[in-house]
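Student: This one is protein_25.csv, CSV, C-alpha atoms.
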```csv
chain,number,residue,atom,x,y,z
F,1,MET,CA,0.0,0.0,0.0
F,2,ASN,CA,1.6,3.2,-1.2
F,3,VAL,CA,0.9,6.9,-0.7
F,4,ASP,CA,2.6,9.6,-2.6
F,5,ILE,CA,4.3,12.7,-1.3
F,6,GLN,CA,1.7,15.0,-2.9
F,7,SER,CA,-1.1,13.2,-1.1
F,8,LEU,CA,0.7,13.5,2.2
F,9,GLY,CA,1.2,17.2,1.5
F,10,THR,CA,-2.5,17.5,0.6
F,11,PHE,CA,-3.7,15.8,3.8
F,12,ASN,CA,-1.3,17.8,5.9
F,13,GLN,CA,-2.7,21.0,4.2
F,14,LEU,CA,-6.2,19.8,4.9
F,15,ALA,CA,-5.5,19.5,8.6
F,16,HIS,CA,-3.8,22.9,8.6
F,17,GLU,CA,-6.7,24.6,6.9
F,18,GLY,CA,-9.1,22.9,9.2
F,19,ALA,CA,-7.2,24.2,12.2
F,20,GLU,CA,-7.1,27.6,10.6
F,21,GLN,CA,-10.9,27.5,10.1
F,22,ALA,CA,-11.4,26.4,13.7
F,23,THR,CA,-9.1,29.2,14.9
F,24,GLN,CA,-11.0,31.8,12.9
F,25,SER,CA,-14.2,30.6,14.5
F,26,MET,CA,-12.8,31.0,17.9
F,27,GLY,CA,-11.6,34.5,16.9
F,28,GLN,CA,-15.1,35.5,15.9
F,29,MET,CA,-16.4,34.3,19.3
F,30,THR,CA,-13.8,35.8,21.5
F,31,GLY,CA,-12.0,38.5,19.6
F,32,ILE,CA,-8.7,36.6,20.1
F,33,ASP,CA,-6.1,37.0,17.4
F,34,ALA,CA,-4.5,33.5,17.1
F,35,VAL,CA,-2.6,31.7,14.3
F,36,VAL,CA,-1.9,28.1,13.5
F,37,ASP,CA,1.8,27.8,14.3
F,38,VAL,CA,2.5,24.4,12.8
F,39,THR,CA,0.6,21.3,11.6
F,40,LYS,CA,2.3,18.0,11.0
F,41,ILE,CA,1.5,14.3,10.4
F,42,THR,CA,3.4,11.9,12.7
F,43,LEU,CA,3.8,8.2,12.6
F,44,LEU,CA,4.6,6.9,16.1
F,45,ASP,CA,4.0,4.0,18.5
F,46,ARG,CA,0.5,4.0,20.0
F,47,ALA,CA,1.9,4.2,23.5
F,48,ASP,CA,3.8,7.4,22.8
F,49,VAL,CA,0.8,9.5,21.6
F,50,GLY,CA,0.6,12.6,23.7
F,51,GLU,CA,4.1,12.2,25.2
F,52,GLU,CA,4.9,15.9,24.5
F,53,LEU,CA,2.0,17.0,26.8
F,54,ALA,CA,3.4,15.4,29.9
F,55,GLY,CA,3.6,17.6,33.1
F,56,ARG,CA,0.7,19.9,32.2
F,57,ASP,CA,-3.0,20.0,33.0
F,58,PHE,CA,-5.5,20.4,30.2
F,59,VAL,CA,-9.2,20.9,29.6
F,60,GLY,CA,-11.0,20.6,26.3
F,61,VAL,CA,-13.5,18.7,24.2
F,62,GLN,CA,-13.4,15.4,22.4
F,63,PHE,CA,-15.4,14.2,19.4
F,64,SER,CA,-15.6,10.9,17.7
F,65,PHE,CA,-16.2,10.9,13.9
F,66,ASP,CA,-17.2,8.2,11.4
F,67,GLY,CA,-18.1,7.8,7.8
F,68,VAL,CA,-15.4,7.6,5.1
F,69,LEU,CA,-13.0,8.5,7.9
F,70,GLU,CA,-13.2,7.3,11.4
F,71,GLY,CA,-11.5,8.2,14.7
F,72,ASP,CA,-11.3,10.9,17.3
F,73,THR,CA,-10.5,14.6,17.4
F,74,VAL,CA,-9.5,16.6,20.5
F,75,LEU,CA,-9.2,20.3,21.2
F,76,ALA,CA,-7.0,20.7,24.2
F,77,PHE,CA,-6.2,23.9,26.2
F,78,ASP,CA,-3.8,24.0,29.1
F,79,VAL,CA,-5.7,25.1,32.2
F,80,ASP,CA,-4.4,28.7,32.3
F,81,SER,CA,-5.1,29.2,28.6
F,82,ALA,CA,-8.6,27.9,28.9
F,83,GLY,CA,-9.4,30.4,31.7
F,84,THR,CA,-8.0,33.3,29.6
F,85,ILE,CA,-10.0,32.3,26.5
F,86,THR,CA,-13.4,31.7,28.3
F,87,GLU,CA,-12.9,35.0,30.2
F,88,GLU,CA,-12.6,36.8,26.9
F,89,MET,CA,-15.8,35.2,25.6
F,90,MET,CA,-17.8,35.4,28.8
F,91,PRO,CA,-16.4,37.9,31.4
F,92,GLY,CA,-16.8,36.5,34.9
F,93,SER,CA,-16.5,32.8,33.8
F,94,SER,CA,-13.1,32.5,35.6
F,95,ASP,CA,-15.0,32.6,38.9
F,96,ASP,CA,-17.8,30.3,37.8
F,97,GLU,CA,-16.7,26.7,37.1
F,98,ALA,CA,-19.9,25.7,35.4
F,99,MET,CA,-19.8,28.8,33.1
F,100,ALA,CA,-16.2,28.2,32.2
F,101,ARG,CA,-17.0,24.6,31.3
F,102,SER,CA,-20.0,25.6,29.2
F,103,GLY,CA,-17.8,28.1,27.4
F,104,ILE,CA,-15.2,25.5,26.6
F,105,GLU,CA,-17.9,23.2,25.3
F,106,GLU,CA,-19.4,25.9,23.1
F,107,ILE,CA,-16.1,27.0,21.7
F,108,GLY,CA,-15.0,23.4,21.1
F,109,ASN,CA,-18.3,22.6,19.3
F,110,ILE,CA,-18.1,25.4,16.9
F,111,MET,CA,-14.3,25.1,16.3
F,112,MET,CA,-14.3,21.4,15.7
F,113,SER,CA,-17.4,21.2,13.6
F,114,GLY,CA,-15.6,23.4,11.1
F,115,PHE,CA,-12.5,21.2,11.3
F,116,ILE,CA,-14.4,18.0,10.5
F,117,ASP,CA,-16.6,19.6,7.8
F,118,GLY,CA,-13.5,20.7,5.9
F,119,TRP,CA,-12.4,17.1,5.6
F,120,ALA,CA,-15.8,16.0,4.4
F,121,ASP,CA,-15.9,18.7,1.8
F,122,TYR,CA,-12.6,17.6,0.4
F,123,VAL,CA,-13.5,13.9,0.1
F,124,GLY,CA,-17.0,14.7,-1.1
F,125,ALA,CA,-18.6,12.4,1.4
F,126,THR,CA,-20.3,12.5,4.8
F,127,ILE,CA,-18.3,12.5,8.0
F,128,ASP,CA,-20.5,12.5,11.1
F,129,HIS,CA,-19.3,13.5,14.5
F,130,SER,CA,-20.6,13.0,18.0
F,131,PRO,CA,-21.7,15.8,20.4
F,132,PRO,CA,-18.7,17.4,22.2
F,133,GLU,CA,-17.6,15.6,25.3
F,134,TYR,CA,-15.9,17.8,28.0
F,135,ILE,CA,-12.5,16.5,29.2
F,136,GLU,CA,-10.2,17.5,32.0
F,137,GLU,CA,-7.0,15.5,32.4
F,138,SER,CA,-3.3,15.7,32.9
F,139,GLY,CA,-0.7,15.2,30.2
F,140,GLY,CA,-1.4,12.7,27.4
F,141,ASP,CA,-4.5,11.4,29.3
F,142,VAL,CA,-6.4,14.3,27.7
F,143,LEU,CA,-6.2,12.3,24.5
F,144,PRO,CA,-8.3,9.2,23.9
F,145,ASP,CA,-6.6,5.9,23.4
F,146,ALA,CA,-5.2,5.7,19.9
F,147,PRO,CA,-7.4,3.5,17.7
F,148,GLU,CA,-6.7,-0.2,17.7
F,149,ASN,CA,-5.1,-1.0,14.3
F,150,GLY,CA,-5.0,-4.7,14.2
F,151,ASP,CA,-1.5,-5.8,13.5
F,152,HIS,CA,-0.2,-2.2,13.3
F,153,GLN,CA,1.6,-1.0,16.4
F,154,GLN,CA,1.9,2.5,15.2
F,155,VAL,CA,-0.6,5.2,14.4
F,156,PHE,CA,-0.9,8.4,12.3
F,157,VAL,CA,-1.6,11.5,14.3
F,158,PHE,CA,-2.4,14.9,12.9
F,159,LYS,CA,-1.4,17.7,15.3
F,160,SER,CA,-1.8,21.5,15.0
F,161,GLU,CA,-0.4,23.9,17.6
F,162,ILE,CA,-2.2,27.2,17.8
F,163,GLU,CA,-0.6,30.3,19.3
F,164,TRP,CA,-2.4,33.4,20.6
F,165,ILE,CA,-0.3,36.3,19.1
F,166,ASP,CA,-0.6,38.8,22.0
F,167,GLU,CA,-0.4,36.3,24.9
F,168,SER,CA,1.6,33.3,26.0
F,169,VAL,CA,-1.3,31.0,25.2
F,170,ASN,CA,-1.1,27.8,23.2
F,171,PHE,CA,-3.6,25.1,22.5
F,172,TYR,CA,-3.7,22.0,20.3
F,173,ILE,CA,-5.9,20.1,17.9
F,174,TYR,CA,-5.2,16.4,17.7
F,175,MET,CA,-6.8,14.1,15.1
F,176,LEU,CA,-6.4,10.4,15.6
F,177,PRO,CA,-7.9,8.6,12.6
F,178,GLU,CA,-8.2,4.9,12.4
F,179,TYR,CA,-5.3,3.5,10.4
F,180,GLU,CA,-7.2,1.6,7.8
F,181,SER,CA,-9.7,4.3,6.9
F,182,LEU,CA,-7.0,6.9,6.7
F,183,THR,CA,-4.6,4.8,4.6
F,184,GLU,CA,-7.4,3.8,2.2
F,185,MET,CA,-8.3,7.4,1.7
F,186,MET,CA,-4.6,8.3,1.1
F,187,VAL,CA,-4.3,5.5,-1.5
F,188,GLU,CA,-7.3,6.8,-3.3
F,189,HIS,CA,-5.5,10.1,-3.8
F,190,VAL,CA,-2.2,8.7,-5.0
F,191,ASP,CA,-1.4,10.7,-8.2
F,192,THR,CA,2.0,9.5,-9.2
F,193,ASP,CA,3.9,6.2,-8.8
F,194,GLY,CA,7.2,8.0,-9.0
F,195,ASP,CA,7.2,9.5,-5.5
F,196,ALA,CA,5.1,6.9,-3.7
F,197,ILE,CA,6.0,5.9,-0.2
F,198,PRO,CA,5.2,2.4,0.9
F,199,ILE,CA,3.3,2.9,4.2
F,200,ASP,CA,4.1,-0.5,5.7
F,201,LYS,CA,7.8,0.0,5.0
F,202,LEU,CA,7.7,3.5,6.5
F,203,GLN,CA,6.3,2.0,9.7
F,204,THR,CA,9.0,-0.7,9.7
F,205,PHE,CA,11.8,1.8,9.1
F,206,ASN,CA,10.5,3.9,12.0
F,207,GLU,CA,10.6,0.9,14.3
F,208,MET,CA,14.1,0.1,13.2
F,209,THR,CA,15.3,3.7,13.7
F,210,THR,CA,14.9,2.9,17.4
F,211,SER,CA,17.9,0.6,17.1
F,212,GLY,CA,20.0,3.6,16.0
F,213,THR,CA,18.8,5.6,19.0
F,214,GLN,CA,19.5,2.7,21.4
F,215,LYS,CA,23.0,2.4,20.0
F,216,ALA,CA,23.5,6.1,20.6
F,217,ALA,CA,22.1,5.7,24.2
F,218,ASP,CA,24.5,2.8,24.7
F,219,ASN,CA,27.4,5.0,23.7
F,220,VAL,CA,26.3,7.6,26.2
F,221,GLU,CA,26.4,5.0,28.9
F,222,MET,CA,29.8,3.8,27.8
F,223,MET,CA,31.2,7.3,27.9
F,224,THR,CA,29.5,8.4,31.2
F,225,GLY,CA,28.7,5.3,33.1
F,226,ILE,CA,25.1,6.5,33.4
F,227,PRO,CA,22.4,4.0,32.3
F,228,THR,CA,20.6,5.6,29.4
F,229,GLU,CA,17.4,4.6,27.7
F,230,SER,CA,16.0,5.5,24.3
F,231,GLU,CA,12.4,6.7,24.4
F,232,VAL,CA,10.2,8.1,21.7
F,233,THR,CA,11.0,7.5,18.0
F,234,GLN,CA,8.7,9.0,15.4
F,235,ILE,CA,8.6,10.2,11.8
F,236,SER,CA,6.8,13.4,11.1
F,237,PHE,CA,5.9,15.0,7.7
F,238,ALA,CA,5.5,18.7,7.3
F,239,PRO,CA,6.1,21.6,4.8
F,240,ILE,CA,9.8,22.5,4.7
F,241,GLU,CA,9.1,26.0,6.0
F,242,ASP,CA,7.5,24.5,9.2
F,243,VAL,CA,10.4,22.2,10.0
F,244,PRO,CA,12.4,24.6,12.2
F,245,LYS,CA,9.2,25.2,14.3
F,246,GLN,CA,9.3,21.5,15.3
F,247,ILE,CA,12.3,22.2,17.5
F,248,GLY,CA,10.9,25.4,19.1
F,249,THR,CA,12.7,28.3,20.7
F,250,ASP,CA,14.3,26.6,23.7
F,251,THR,CA,18.1,26.9,23.9
F,252,PHE,CA,20.2,23.8,23.1
F,253,VAL,CA,23.8,22.8,23.1
F,254,GLY,CA,24.8,20.0,20.8
F,255,THR,CA,26.3,19.0,17.5
F,256,VAL,CA,25.3,19.1,13.8
F,257,VAL,CA,26.6,16.8,11.1
F,258,GLU,CA,25.9,16.3,7.4
F,259,PHE,CA,25.6,12.6,6.4
F,260,THR,CA,26.0,11.2,2.9
F,261,GLY,CA,25.0,7.9,1.4
F,262,THR,CA,21.5,6.5,1.2
F,263,PRO,CA,19.9,8.6,2.4
F,264,SER,CA,21.9,11.8,2.8
F,265,GLY,CA,20.8,14.8,5.0
F,266,TYR,CA,21.6,16.3,8.4
F,267,LEU,CA,21.6,15.1,11.9
F,268,MET,CA,21.5,17.0,15.2
F,269,VAL,CA,22.2,15.8,18.7
F,270,LEU,CA,20.8,18.4,21.1
F,271,PHE,CA,20.9,18.8,24.9
F,272,ASP,CA,19.1,21.5,27.0
F,273,GLU,CA,21.7,23.5,28.9
F,274,VAL,CA,21.2,21.7,32.2
F,275,SER,CA,21.5,18.3,30.6
F,276,ALA,CA,24.6,19.4,28.7
F,277,ILE,CA,26.3,20.5,32.0
F,278,ASN,CA,25.3,17.3,33.8
F,279,VAL,CA,26.3,14.8,31.2
F,280,ALA,CA,29.5,16.7,30.4
F,281,GLU,CA,30.6,16.7,34.0
F,282,ALA,CA,29.8,13.0,34.2
F,283,MET,CA,32.5,12.5,31.5
F,284,MET,CA,35.1,14.6,33.3
F,285,PRO,CA,37.6,13.2,35.8
F,286,ILE,CA,37.6,16.4,37.9
F,287,GLU,CA,34.9,18.4,39.5
F,288,MET,CA,34.1,21.7,37.8
F,289,ASP,CA,34.4,25.0,39.6
F,290,SER,CA,31.5,26.7,37.7
F,291,ASP,CA,27.8,25.8,37.5
F,292,GLU,CA,27.7,27.6,34.1
F,293,LEU,CA,28.4,26.2,30.7
F,294,THR,CA,32.1,26.5,30.1
F,295,ASP,CA,34.4,25.7,27.1
F,296,GLN,CA,35.3,22.4,28.9
F,297,HIS,CA,31.6,21.4,29.0
F,298,LYS,CA,31.3,22.3,25.3
F,299,ALA,CA,34.3,20.3,24.3
F,300,ALA,CA,32.9,17.3,26.2
F,301,ILE,CA,29.5,17.7,24.4
F,302,GLU,CA,31.3,17.9,21.1
F,303,GLU,CA,33.0,14.6,21.8
F,304,LEU,CA,29.8,13.0,23.1
F,305,GLY,CA,27.9,14.3,20.1
F,306,ASN,CA,30.4,12.7,17.7
F,307,ILE,CA,30.1,9.3,19.5
F,308,MET,CA,26.3,9.5,19.6
F,309,THR,CA,26.1,10.4,15.9
F,310,SER,CA,28.3,7.5,15.0
F,311,GLY,CA,26.1,5.2,17.0
F,312,PHE,CA,22.9,6.4,15.4
F,313,VAL,CA,24.3,6.5,11.8
F,314,ASP,CA,26.0,3.2,12.1
F,315,GLY,CA,22.7,1.7,13.4
F,316,TRP,CA,21.0,3.2,10.4
F,317,ALA,CA,23.6,2.0,8.0
F,318,ASN,CA,23.3,-1.6,9.4
F,319,VAL,CA,19.6,-1.5,8.8
F,320,LEU,CA,19.9,-0.1,5.3
F,321,GLN,CA,22.9,-2.3,4.5
F,322,THR,CA,24.6,0.7,2.9
F,323,SER,CA,27.4,3.1,3.6
F,324,VAL,CA,26.4,6.2,5.5
F,325,GLU,CA,29.3,8.6,6.2
F,326,HIS,CA,29.1,11.9,8.2
F,327,THR,CA,31.2,15.0,8.5
F,328,PRO,CA,33.0,16.0,11.8
F,329,PRO,CA,30.5,17.4,14.3
F,330,ARG,CA,30.0,21.1,14.4
F,331,LEU,CA,29.2,22.5,17.9
F,332,VAL,CA,26.0,24.6,18.2
F,333,HIS,CA,24.7,26.6,21.1
F,334,ASP,CA,21.5,28.5,20.1
F,335,MET,CA,17.7,28.4,20.0
F,336,GLY,CA,16.5,25.2,18.4
F,337,GLN,CA,14.7,26.9,15.6
F,338,ALA,CA,17.9,28.9,14.8
F,339,ILE,CA,19.9,25.7,14.6
F,340,MET,CA,17.4,24.0,12.3
F,341,ASP,CA,16.7,27.0,10.0
F,342,PRO,CA,19.9,26.8,7.8
F,343,LEU,CA,19.6,23.0,7.6
F,344,ALA,CA,16.0,23.1,6.4
F,345,ALA,CA,17.0,25.8,3.9
F,346,GLN,CA,19.6,23.5,2.4
F,347,VAL,CA,17.1,20.6,2.2
F,348,GLY,CA,14.4,22.9,0.9
F,349,GLN,CA,16.4,23.6,-2.3
F,350,TYR,CA,15.3,20.2,-3.6
F,351,GLN,CA,12.0,19.5,-1.9
F,352,GLU,CA,8.8,21.2,-0.7
F,353,HIS,CA,8.1,18.8,2.2
F,354,ALA,CA,10.3,17.0,4.6
F,355,PHE,CA,10.3,13.9,6.8
F,356,ILE,CA,11.7,14.6,10.2
F,357,ILE,CA,13.0,11.6,12.3
F,358,ASP,CA,13.0,12.4,16.0
F,359,SER,CA,14.3,10.3,18.9
F,360,GLN,CA,14.8,11.0,22.6
F,361,MET,CA,16.8,9.4,25.4
F,362,ARG,CA,16.9,10.0,29.1
F,363,THR,CA,18.3,8.6,32.4
F,364,ASP,CA,16.9,8.5,35.8
F,365,ASP,CA,20.3,8.9,37.5
F,366,ILE,CA,20.7,12.7,36.8
F,367,GLU,CA,18.7,15.4,35.2
F,368,PHE,CA,19.5,14.5,31.6
F,369,LYS,CA,17.6,14.4,28.3
F,370,ALA,CA,18.9,14.4,24.8
F,371,GLU,CA,17.2,14.7,21.4
F,372,ILE,CA,18.3,13.4,18.0
F,373,HIS,CA,16.7,15.0,14.9
F,374,ALA,CA,17.5,13.7,11.4
F,375,LEU,CA,16.4,15.5,8.3
F,376,PRO,CA,17.0,13.1,5.4
F,377,ASN,CA,16.7,13.8,1.7
F,378,GLU,CA,13.2,12.8,0.8
F,379,LYS,CA,14.0,11.0,-2.6
F,380,GLU,CA,16.9,9.1,-1.1
F,381,LEU,CA,14.8,8.0,1.9
F,382,ARG,CA,12.1,6.8,-0.5
F,383,ALA,CA,14.8,4.8,-2.4
F,384,ALA,CA,15.9,3.2,0.9
F,385,LEU,CA,12.3,2.3,1.8
F,386,ASN,CA,11.8,0.7,-1.6
F,387,ASP,CA,14.7,-1.7,-0.9
F,388,LEU,CA,13.3,-2.7,2.5
F,389,ASP,CA,11.8,-6.2,2.6
F,390,VAL,CA,9.2,-6.0,5.3
F,391,GLU,CA,8.2,-9.7,5.3
F,392,ARG,CA,11.8,-10.9,5.7
F,393,ALA,CA,12.4,-8.3,8.4
F,394,THR,CA,9.5,-9.8,10.3
F,395,GLU,CA,10.6,-13.4,9.8
F,396,THR,CA,14.2,-12.7,10.9
F,397,GLY,CA,13.3,-10.6,14.0
F,398,ALA,CA,14.8,-7.6,12.4
F,399,ASP,CA,18.2,-9.2,11.8
F,400,VAL,CA,19.9,-6.4,10.0
F,401,GLU,CA,22.1,-8.8,8.0
F,402,GLN,CA,18.9,-10.4,6.5
F,403,ILE,CA,16.2,-7.8,6.1
F,404,PHE,CA,17.1,-6.5,2.6
F,405,LYS,CA,16.7,-8.3,-0.6
```
In structure tokens, what does this structure look like?
Tutor:
Amino acid sequence: MNVDIQSLGTFNQLAHEGAEQATQSMGQMTGIDAVVDVTKITLLDRADVGEELAGRDFVGVQFSFDGVLEGDTVLAFDVDSAGTITEEMMPGSSDDEAMARSGIEEIGNIMMSGFIDGWADYVGATIDHSPPEYIEESGGDVLPDAPENGDHQQVFVFKSEIEWIDESVNFYIYMLPEYESLTEMMVEHVDTDGDAIPIDKLQTFNEMTTSGTQKAADNVEMMTGIPTESEVTQISFAPIEDVPKQIGTDTFVGTVVEFTGTPSGYLMVLFDEVSAINVAEAMMPIEMDSDELTDQHKAAIEELGNIMTSGFVDGWANVLQTSVEHTPPRLVHDMGQAIMDPLAAQVGQYQEHAFIIDSQMRTDDIEFKAEIHALPNEKELRAALNDLDVERATETGADVEQIFK
């Protein structure tokens, strides 16, 4: 079952336009000037859905929908944002819990009806949705369980992040379609065979990228003595101009390399500043006098980034049974978006959309978290996927020496 790049782009644009329509509806009700910051399609393990929401409390509304497309949609506000929005619409609601809840339900009903209707208009068929259900949960629990997909352990998730321009207010629209109904709809809109992506192989490759992350995590443990685990691995698809927004504006310390082979592209290993200091000091034989990030810390991070990159790329090369080389690491210390901007610009010379491969690792021993972001050449990734033999990969338990024809 194949889906072409154009169709992925179309469906991503549908989700984005639906989120824009929903945001405009909210603006008409509240006077709030908000914009859809980024929309992306992500393929990830069912258990990892909503991982990025951890540590925050949310309220919102949930709908189920059925017809040519089936699944669930959620509009989620963090608690502070919800209070700000309902107060704009109904002054005094912040002191009245029932009024605030009613306001969220009303906003959600109008916003999400427009979102679903946009999909129905595109496919020229009916998509019915349930009445809004008010939800109040912490972290990923604000999202429904991802649809059961039979033998598929991974799910497609559409996510839009909306930002209120004048305030520090963000909220999210998640769409969790059932795998079969979504992929069947995607296949119906395949326009060209030349840029088709085999969906089952994309899923298998995503699973196998975990081995590269785990190898990088093993290298961290080897260098620091700190037990390190790989966590979320996912593949996202977004317009090239939205790629830097995936990283955000937090400050990171890390390394960037260019890799060549099949596929080519760029790879970043990034630490937040606290994690960078902690993991660098775990590598050093002497205790540091300063709690700030020093040149010694940066040198250690550069060395560790090189080792982690080699582990990740070697794991990838083993899976692909190809030669993947990389340049010496370049140290970076900047906002995530500023780090990614020039890399996306380079890739954007040859393609309008991009696959972004994201992995995370952590340890319970110290405050430490690292992210690996790969930005491969779309055509070369497609070529690698075309060579991947999914059936043999299953039969051999993902033995990297046997999985390719």
Student: What is the CA of Ser323 (chain F)-CA of Asn386 (chain F) distance in Å, reported with one decimal?
Tutor: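 The value is 16.6 Å.
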Student: At most 12 Å is the cut-off: for each residue in region 203-278 of chain F with any atom that close to an atom of region 328-341 of chain F, write down the nearest atom pair and the distance in Å rounded to one decimal, counting only C-alpha atoms, chain first then increasing number, as a Markdown table.
Tutor:
```
| residue | atom | partner | partner_atom | distance |
| --- | --- | --- | --- | --- |
| F:Ile240 | CA | F:Asp341 | CA | 9.8 |
| F:Glu241 | CA | F:Asp341 | CA | 8.6 |
| F:Asp242 | CA | F:Asp341 | CA | 9.6 |
| F:Val243 | CA | F:Met340 | CA | 7.6 |
| F:Pro244 | CA | F:Gln337 | CA | 4.7 |
| F:Lys245 | CA | F:Gln337 | CA | 5.9 |
| F:Gln246 | CA | F:Gln337 | CA | 7.6 |
| F:Ile247 | CA | F:Gly336 | CA | 5.2 |
| F:Gly248 | CA | F:Gln337 | CA | 5.4 |
| F:Thr249 | CA | F:Met335 | CA | 5.0 |
| F:Asp250 | CA | F:Met335 | CA | 5.3 |
| F:Thr251 | CA | F:Met335 | CA | 4.2 |
| F:Phe252 | CA | F:His333 | CA | 5.7 |
| F:Val253 | CA | F:His333 | CA | 4.4 |
| F:Gly254 | CA | F:Val332 | CA | 5.4 |
| F:Thr255 | CA | F:Leu331 | CA | 4.6 |
| F:Val256 | CA | F:Arg330 | CA | 5.1 |
| F:Val257 | CA | F:Pro329 | CA | 5.1 |
| F:Glu258 | CA | F:Pro328 | CA | 8.4 |
| F:Phe259 | CA | F:Pro328 | CA | 9.8 |
| F:Tyr266 | CA | F:Met340 | CA | 9.6 |
| F:Leu267 | CA | F:Pro329 | CA | 9.5 |
| F:Met268 | CA | F:Met340 | CA | 8.6 |
| F:Val269 | CA | F:Pro329 | CA | 9.5 |
| F:Leu270 | CA | F:Gly336 | CA | 8.5 |
| F:Phe271 | CA | F:His333 | CA | 9.5 |
| F:Asp272 | CA | F:His333 | CA | 9.6 |
| F:Glu273 | CA | F:His333 | CA | 8.9 |
| F:Ala276 | CA | F:His333 | CA | 10.5 |
```
Student: Work out how far apart CA of Asp95 (chain F) and CA of Ser130 (chain F) are and give it in Å to one decimal.
Tutor: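 These two atoms are separated by 29.2 Å.
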Student: Show me, as a PDB file with C-alpha atoms, keeping the file's coordinate frame, the residues that have an atom within 9 Å of region 79-84 of chain F when counting only C-alpha atoms, minus same-chain residues fewer than 4 positions from it.
Tutor:
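Saved result, result27.pdb, follows:
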```
ATOM      1  CA  ARG F  56       0.700  19.900  32.200  1.00  0.00           C
ATOM      2  CA  ASP F  57      -3.000  20.000  33.000  1.00  0.00           C
ATOM      3  CA  PHE F  58      -5.500  20.400  30.200  1.00  0.00           C
ATOM      4  CA  VAL F  59      -9.200  20.900  29.600  1.00  0.00           C
ATOM      5  CA  GLY F  60     -11.000  20.600  26.300  1.00  0.00           C
ATOM      6  CA  GLU F  88     -12.600  36.800  26.900  1.00  0.00           C
ATOM      7  CA  MET F  89     -15.800  35.200  25.600  1.00  0.00           C
ATOM      8  CA  SER F  93     -16.500  32.800  33.800  1.00  0.00           C
ATOM      9  CA  SER F  94     -13.100  32.500  35.600  1.00  0.00           C
ATOM     10  CA  ALA F 100     -16.200  28.200  32.200  1.00  0.00           C
ATOM     11  CA  ILE F 104     -15.200  25.500  26.600  1.00  0.00           C
ATOM     12  CA  GLU F 136     -10.200  17.500  32.000  1.00  0.00           C
ATOM     13  CA  SER F 168       1.600  33.300  26.000  1.00  0.00           C
ATOM     14  CA  VAL F 169      -1.300  31.000  25.200  1.00  0.00           C
ATOM     15  CA  ASN F 170      -1.100  27.800  23.200  1.00  0.00           C
ATOM     16  CA  PHE F 171      -3.600  25.100  22.500  1.00  0.00           C
TER      17      PHE F 171
END
```
Student: Please, what distance in Å, to one decimal, runs between CA of Val324 (chain F) and CA of Glu231 (chain F)?
Tutor: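 CA of Glu231 (chain F) lies 23.5 Å from CA of Val324 (chain F).
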Student: With a distance cut-off of 8 Å and all atoms listed in the file, select the neighbouring residues of Asp218 (chain F), excluding the residue or stretch itself and same-chain residues fewer than 6 positions from it, and output the selection as a VMD selection string.
Tutor: chain F and resid 227 to 229
Student: For each of F:Gly124, F:Gly103, F:Gly71, F:Gly9, take the minimum atom-to-atom distance to Glu180 (chain F), counting all atoms listed in the file, then give the residue where this is smallest.
Tutor: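 Checking each of F:Gly124, F:Gly103, F:Gly71, F:Gly9 against Glu180 (chain F), counting all atoms listed in the file, the winner is F:Gly71.
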Student: With distances taken over all atoms listed in the file, which residue among F:Met185, F:Phe77, F:Thr309, F:Leu343 lies nearest Glu163 (chain F)?
Tutor: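 So, comparing all the options, the nearest one is F:Phe77.
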Student: Using all atoms listed in the file, which of F:Ile366, F:Val157, F:Ala98, F:Val347 sits nearest Ser236 (chain F)?
Tutor: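 Between F:Ile366, F:Val157, F:Ala98, F:Val347, the residue approaching Ser236 (chain F) most closely is F:Val157.
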Student: Looking at all atoms listed in the file, which of F:Arg46, F:Lys379, F:His297, F:Lys159 is the one that sits closest to Ala19 (chain F)?
Tutor: F:Lys159
Student: What's the 9 Å shell around Val123 (chain F), counting all atoms listed in the file, without same-chain residues fewer than 4 positions away, as an MDAnalysis selection string?
Tutor: chainID F and resid 68 118:119 185
Student: Taking all atoms listed in the file into account, which of F:Ser113, F:Thr224, F:Thr233, F:Gln21 comes nearest Asp48 (chain F)?
Tutor: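 Ranked by minimum distance to Asp48 (chain F), first place goes to F:Thr233.
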Student: Using only C-alpha atoms and a cutoff of 12 Å, can you tell me which residues are near (21.3, 13.2, 3.0) in the file's coordinates, and write them out as a PyMOL selection string?
Tutor: chain F and resi 257-267+313+323-327+343-344+346-347+350+354-355+374-384
Student: When you count only C-alpha atoms, which of these residues is closest to Ser230 (chain F): F:Ala54, F:Ala120, F:Ala370, F:Ala76?
Tutor: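 Of F:Ala54, F:Ala120, F:Ala370, F:Ala76, the one nearest Ser230 (chain F), counting only C-alpha atoms, is F:Ala370.
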